Amino acid sequence: MKIDYSKLFKYISNTLNEKHMSILTIILFFVYTYGLGYSISFFLKSSDNFFERNLIRIGFGLAAIPLLGVILNLLHVPLDWRIIFALSLAMPAYRLFKLRKDIKMPVLKLTKSDIAIILILLMFSLTLFMYVKGSFVYPYLEDDDPWTHVVSIKYAALEKNVNDKTDALRYIDPYPPGFAILFGVLHQTSPEIIWTMKVFNALIISLGIIFFYFFAKEFIGSRNKALFSTAALVMIPSYLTHFIWAHSYILTVFFPLMYALEKIKDDAKWKYISMAMFAGILLIQPTKAIKLAVMIVIYLIVISILRKKVQWNAAAAFIGGFLLSLLWWYNKMISLSKLHGPKPSAFSIEETNFLANIIAKLAKALPNTSGTGTRAYAFSDYFFAKSQNLINSPVGVGAVLFILFFIALIVVLARYKSILDEKNHWIAVTLGWLLFIFIGMNSVTFNLPIGLTTFRFWLLFAIPVSLLASEGAWFLAYFLKRFKIPVIATLLLLLTGIFFTSAVQKYAVNTALWMPGQMWTSNDELQGFLWLKTLPANTRIFSYSNGEAVLGFGQSMCMWCQDTIDFKNTFINTTVTEKYDWLKKNNYRYFIVSGADFRDLAYYYGENKANIALNGVLADSSDYFRPAYQTKGAVIFSVL
């Protein structure tokens, strides 16, 4: 008997409601990530701890998904959840069958390592609660980046590829496709896109807490210091918020990569998994990938110096990952510069005064003021955490955590000779990261010749601060031990201080009411679009300016279709009858006229033409359109 799996899935999806499908997608997420993580790491010498060995595999799989997606895309294999599901289970199923006679139930014996992991899972749970709660304070997506990501996710979910030949999508082709690949696959089984984006974004960021702990434990060589550093990362305001963008994904998978790089010293075969993960990082987000690549280079240089020989296996992971990323980036660089920066001619170098020309061209391409939140920073920006902050890349450390960080700097510099000890390589690497990040985040303060979206360095700044904070905490704890104050009491007191001077402020920012972005001209316009959620899912709706919102609120508009692009290009010159004929021909049920349409058409064509193009629709056109819902900022017409 031959089974038609497409009909079977359609039957299942029709039987289950959206809530059940969303729960199923959470399960599938862990199947994808764990299955792929197991597949690329089963042959390695892994941790003896059952929980560490299996939890970190989720990070490996999460980091490798972009590379897998790009390879499938290159081979013209659809980015279909069923294919990802099958590939995820293939190796685990084979290994399970092959080793079926040797499988033994793990002995449940609670160790100190297990207790530490339980505490980490508690931090993960609290972080996830904060991010999910904050994400659903409002029924829309925040700011503008998430709305733009919606289109790329929809494209990947429906078209099952990441080849945008129309250049209509900002965050896909040539923009690296990792974020769209992951969320597009998830959206195929989780129909409500806003729910999908909010929940899985929060989940990915929160999983980073677990991955950071395992990396820090391997990096520092101390379980207890790693535990303290992880608590610091959880509470520091400048680390990730629940803002939805590719930066959340790329930072989360940086930690499994660093864990694998640290493991190379025990087993050279870890370089292979490191290659796959570094390639994945380069396929998620462009500017953050550059910064993380610099941090990896710093790591390679420092450990090579301290070990007195070039670490070729780790270097091979870096080079191999870069070469694998060329599966996507080959022939993409010029088109990316056209989309997000100066034209290629801006990079032309004159023969005379070669070095000066390079600096001048870089300064033009990467000004030190780049980034919407970039500014000069003062001491107060570091020392005081604020309850009102940037929602995408907040600033601030908090008083107690900053003091610990400062004490750590004094202590490690006073003991500078110990930094040269290979077993303390983590301190030397962290200081290298700190120097790079501090200079990068202060391009305006120091009036540097170039910058790289400077304000986003704050996200990275949280990493060395959290790592070094444990060193400051241990110094204080053992100093106060001389006065018969127990070490654990000092550490708990410090964590309490960090909670009130950092975590409380971070929680306030992450559970506040965030605004929907600059794409909206008024709250009335937003309220008009919110009405779309009352319609059946995937209703065909046309909006000239806010197609992202149509898709974001669960409806259908093919923004990447060439006929839609052509219609928008000629929209200003079409009559009401011609607009109606096109909408009817393309099966659109509704047509939205909103404040954003007037704004955008007036910007490109002038107010008179904008009024002519839209007022005909707003007038009584009972033969073509009928108002279905309206606010002061938007009118939604039924297409008759």
# chains A, B, ... in the order shown; residues from 1 in each chain; ligands from 1

$ closest_atom_pairs --of "range 190-234 of chain A" --to "range 472-477 of chain A" --cutoff "10 Å" --atoms "only C-alpha atoms" --output "JSON lines"
{"residue": "A:Asn224", "atom": "CA", "partner": "A:Trp474", "partner_atom": "CA", "distance": 9.8}
{"residue": "A:Lys225", "atom": "CA", "partner": "A:Trp474", "partner_atom": "CA", "distance": 7.9}
{"residue": "A:Phe228", "atom": "CA", "partner": "A:Ala473", "partner_atom": "CA", "distance": 8.4}
{"residue": "A:Ser229", "atom": "CA", "partner": "A:Ala473", "partner_atom": "CA", "distance": 9.6}

$ write_last_selection --atoms "C-alpha atoms" --output "short mmCIF file (atom, residue, chain, number, x, y, z; two decimals), in the first residue's frame"
data_model
loop_
_atom_site.label_atom_id
_atom_site.label_comp_id
_atom_site.auth_asym_id
_atom_site.auth_seq_id
_atom_site.Cartn_x
_atom_site.Cartn_y
_atom_site.Cartn_z
CA ASN A 224 31.48 27.44 39.74
CA LYS A 225 32.96 30.47 37.96
CA PHE A 228 28.46 32.82 38.22
CA SER A 229 29.37 34.20 34.78
#

$ residues_around --residues "Trp582 in chain A" --least-positions-apart "3" --cutoff "12 Å" --atoms "only C-alpha atoms" --output "PyMOL selection string"
chain A and resi 542+563-564+566-568+570-571+574-579+585-589+591+624+639

$ closest_residue --among "A:Asn49, A:Ser238, A:Ala537, A:Tyr155" --to "Thr111 in chain A" --atoms "only C-alpha atoms"
A:Asn49

$ residues_around --residues "range 296-299 of chain A" --least-positions-apart "5" --cutoff "12 Å" --atoms "only C-alpha atoms" --output "PyMOL selection string"
chain A and resi 219+254-255+257-259+261-262+274+278+281+289-291+304-306+310-311+314-319+321+425-437

$ atom_distance --atom1 "CA of Lys584 in chain A" --atom2 "CA of Val550 in chain A"
17.6 Å

$ closest_residue --among "A:Glu548, A:Asp145, A:Asp102, A:Glu52" --to "Tyr171 in chain A" --atoms "only C-alpha atoms"
A:Asp145

$ decode --residues "range 435-463 of chain A" --atoms "N, CA and C atoms" --output "PDB file, in the first residue's frame"
ATOM      1  N   LEU A 435      39.207  44.522  24.625  1.00  0.00           N
ATOM      2  CA  LEU A 435      39.865  45.650  23.954  1.00  0.00           C
ATOM      3  C   LEU A 435      39.227  45.925  22.598  1.00  0.00           C
ATOM      4  N   PHE A 436      39.026  44.878  21.807  1.00  0.00           N
ATOM      5  CA  PHE A 436      38.407  45.025  20.491  1.00  0.00           C
ATOM      6  C   PHE A 436      37.000  45.606  20.598  1.00  0.00           C
ATOM      7  N   ILE A 437      36.207  45.062  21.508  1.00  0.00           N
ATOM      8  CA  ILE A 437      34.811  45.494  21.646  1.00  0.00           C
ATOM      9  C   ILE A 437      34.731  46.922  22.180  1.00  0.00           C
ATOM     10  N   PHE A 438      35.564  47.242  23.181  1.00  0.00           N
ATOM     11  CA  PHE A 438      35.515  48.579  23.767  1.00  0.00           C
ATOM     12  C   PHE A 438      35.889  49.648  22.742  1.00  0.00           C
ATOM     13  N   ILE A 439      36.912  49.369  21.955  1.00  0.00           N
ATOM     14  CA  ILE A 439      37.295  50.324  20.905  1.00  0.00           C
ATOM     15  C   ILE A 439      36.172  50.425  19.864  1.00  0.00           C
ATOM     16  N   GLY A 440      35.614  49.275  19.480  1.00  0.00           N
ATOM     17  CA  GLY A 440      34.562  49.273  18.468  1.00  0.00           C
ATOM     18  C   GLY A 440      33.317  50.011  18.891  1.00  0.00           C
ATOM     19  N   MET A 441      32.942  49.905  20.170  1.00  0.00           N
ATOM     20  CA  MET A 441      31.718  50.543  20.628  1.00  0.00           C
ATOM     21  C   MET A 441      31.913  52.037  20.899  1.00  0.00           C
ATOM     22  N   ASN A 442      33.137  52.505  20.845  1.00  0.00           N
ATOM     23  CA  ASN A 442      33.416  53.923  21.116  1.00  0.00           C
ATOM     24  C   ASN A 442      34.000  54.643  19.905  1.00  0.00           C
ATOM     25  N   SER A 443      33.531  54.298  18.722  1.00  0.00           N
ATOM     26  CA  SER A 443      34.034  54.932  17.502  1.00  0.00           C
ATOM     27  C   SER A 443      33.750  56.428  17.485  1.00  0.00           C
ATOM     28  N   VAL A 444      32.625  56.824  18.077  1.00  0.00           N
ATOM     29  CA  VAL A 444      32.295  58.261  18.151  1.00  0.00           C
ATOM     30  C   VAL A 444      33.067  58.911  19.286  1.00  0.00           C
ATOM     31  N   THR A 445      33.116  58.247  20.434  1.00  0.00           N
ATOM     32  CA  THR A 445      33.825  58.794  21.597  1.00  0.00           C
ATOM     33  C   THR A 445      35.287  59.080  21.277  1.00  0.00           C
ATOM     34  N   PHE A 446      35.937  58.140  20.575  1.00  0.00           N
ATOM     35  CA  PHE A 446      37.348  58.289  20.228  1.00  0.00           C
ATOM     36  C   PHE A 446      37.562  58.882  18.844  1.00  0.00           C
ATOM     37  N   ASN A 447      36.452  59.214  18.174  1.00  0.00           N
ATOM     38  CA  ASN A 447      36.511  59.790  16.818  1.00  0.00           C
ATOM     39  C   ASN A 447      37.373  58.933  15.891  1.00  0.00           C
ATOM     40  N   LEU A 448      37.064  57.644  15.867  1.00  0.00           N
ATOM     41  CA  LEU A 448      37.798  56.712  15.016  1.00  0.00           C
ATOM     42  C   LEU A 448      37.464  56.955  13.545  1.00  0.00           C
ATOM     43  N   PRO A 449      38.359  56.577  12.636  1.00  0.00           N
ATOM     44  CA  PRO A 449      38.107  56.823  11.215  1.00  0.00           C
ATOM     45  C   PRO A 449      36.969  55.980  10.650  1.00  0.00           C
ATOM     46  N   ILE A 450      36.701  54.798  11.238  1.00  0.00           N
ATOM     47  CA  ILE A 450      35.623  53.945  10.743  1.00  0.00           C
ATOM     48  C   ILE A 450      34.816  53.390  11.912  1.00  0.00           C
ATOM     49  N   GLY A 451      33.672  52.829  11.592  1.00  0.00           N
ATOM     50  CA  GLY A 451      32.826  52.172  12.582  1.00  0.00           C
ATOM     51  C   GLY A 451      32.057  51.050  11.920  1.00  0.00           C
ATOM     52  N   LEU A 452      31.464  50.180  12.704  1.00  0.00           N
ATOM     53  CA  LEU A 452      30.708  49.058  12.164  1.00  0.00           C
ATOM     54  C   LEU A 452      29.453  48.885  13.017  1.00  0.00           C
ATOM     55  N   THR A 453      28.407  49.687  12.629  1.00  0.00           N
ATOM     56  CA  THR A 453      27.171  49.721  13.430  1.00  0.00           C
ATOM     57  C   THR A 453      27.524  49.662  14.918  1.00  0.00           C
ATOM     58  N   THR A 454      28.124  50.749  15.353  1.00  0.00           N
ATOM     59  CA  THR A 454      28.843  50.798  16.633  1.00  0.00           C
ATOM     60  C   THR A 454      27.994  50.429  17.838  1.00  0.00           C
ATOM     61  N   PHE A 455      26.760  50.902  17.888  1.00  0.00           N
ATOM     62  CA  PHE A 455      25.969  50.686  19.109  1.00  0.00           C
ATOM     63  C   PHE A 455      25.665  49.205  19.342  1.00  0.00           C
ATOM     64  N   ARG A 456      25.766  48.399  18.294  1.00  0.00           N
ATOM     65  CA  ARG A 456      25.484  46.972  18.447  1.00  0.00           C
ATOM     66  C   ARG A 456      26.636  46.219  19.119  1.00  0.00           C
ATOM     67  N   PHE A 457      27.773  46.875  19.328  1.00  0.00           N
ATOM     68  CA  PHE A 457      28.862  46.256  20.089  1.00  0.00           C
ATOM     69  C   PHE A 457      28.454  46.005  21.535  1.00  0.00           C
ATOM     70  N   TRP A 458      27.423  46.723  22.018  1.00  0.00           N
ATOM     71  CA  TRP A 458      26.975  46.518  23.391  1.00  0.00           C
ATOM     72  C   TRP A 458      26.541  45.066  23.630  1.00  0.00           C
ATOM     73  N   LEU A 459      25.958  44.445  22.618  1.00  0.00           N
ATOM     74  CA  LEU A 459      25.545  43.045  22.755  1.00  0.00           C
ATOM     75  C   LEU A 459      26.748  42.153  23.042  1.00  0.00           C
ATOM     76  N   LEU A 460      27.869  42.451  22.371  1.00  0.00           N
ATOM     77  CA  LEU A 460      29.092  41.682  22.556  1.00  0.00           C
ATOM     78  C   LEU A 460      29.799  42.045  23.858  1.00  0.00           C
ATOM     79  N   PHE A 461      29.684  43.293  24.267  1.00  0.00           N
ATOM     80  CA  PHE A 461      30.354  43.764  25.483  1.00  0.00           C
ATOM     81  C   PHE A 461      29.938  42.935  26.697  1.00  0.00           C
ATOM     82  N   ALA A 462      28.700  42.440  26.669  1.00  0.00           N
ATOM     83  CA  ALA A 462      28.197  41.649  27.797  1.00  0.00           C
ATOM     84  C   ALA A 462      29.001  40.369  28.001  1.00  0.00           C
ATOM     85  N   ILE A 463      29.613  39.851  26.951  1.00  0.00           N
ATOM     86  CA  ILE A 463      30.324  38.564  27.055  1.00  0.00           C
ATOM     87  C   ILE A 463      31.589  38.685  27.901  1.00  0.00           C
TER      88      ILE A 463
END
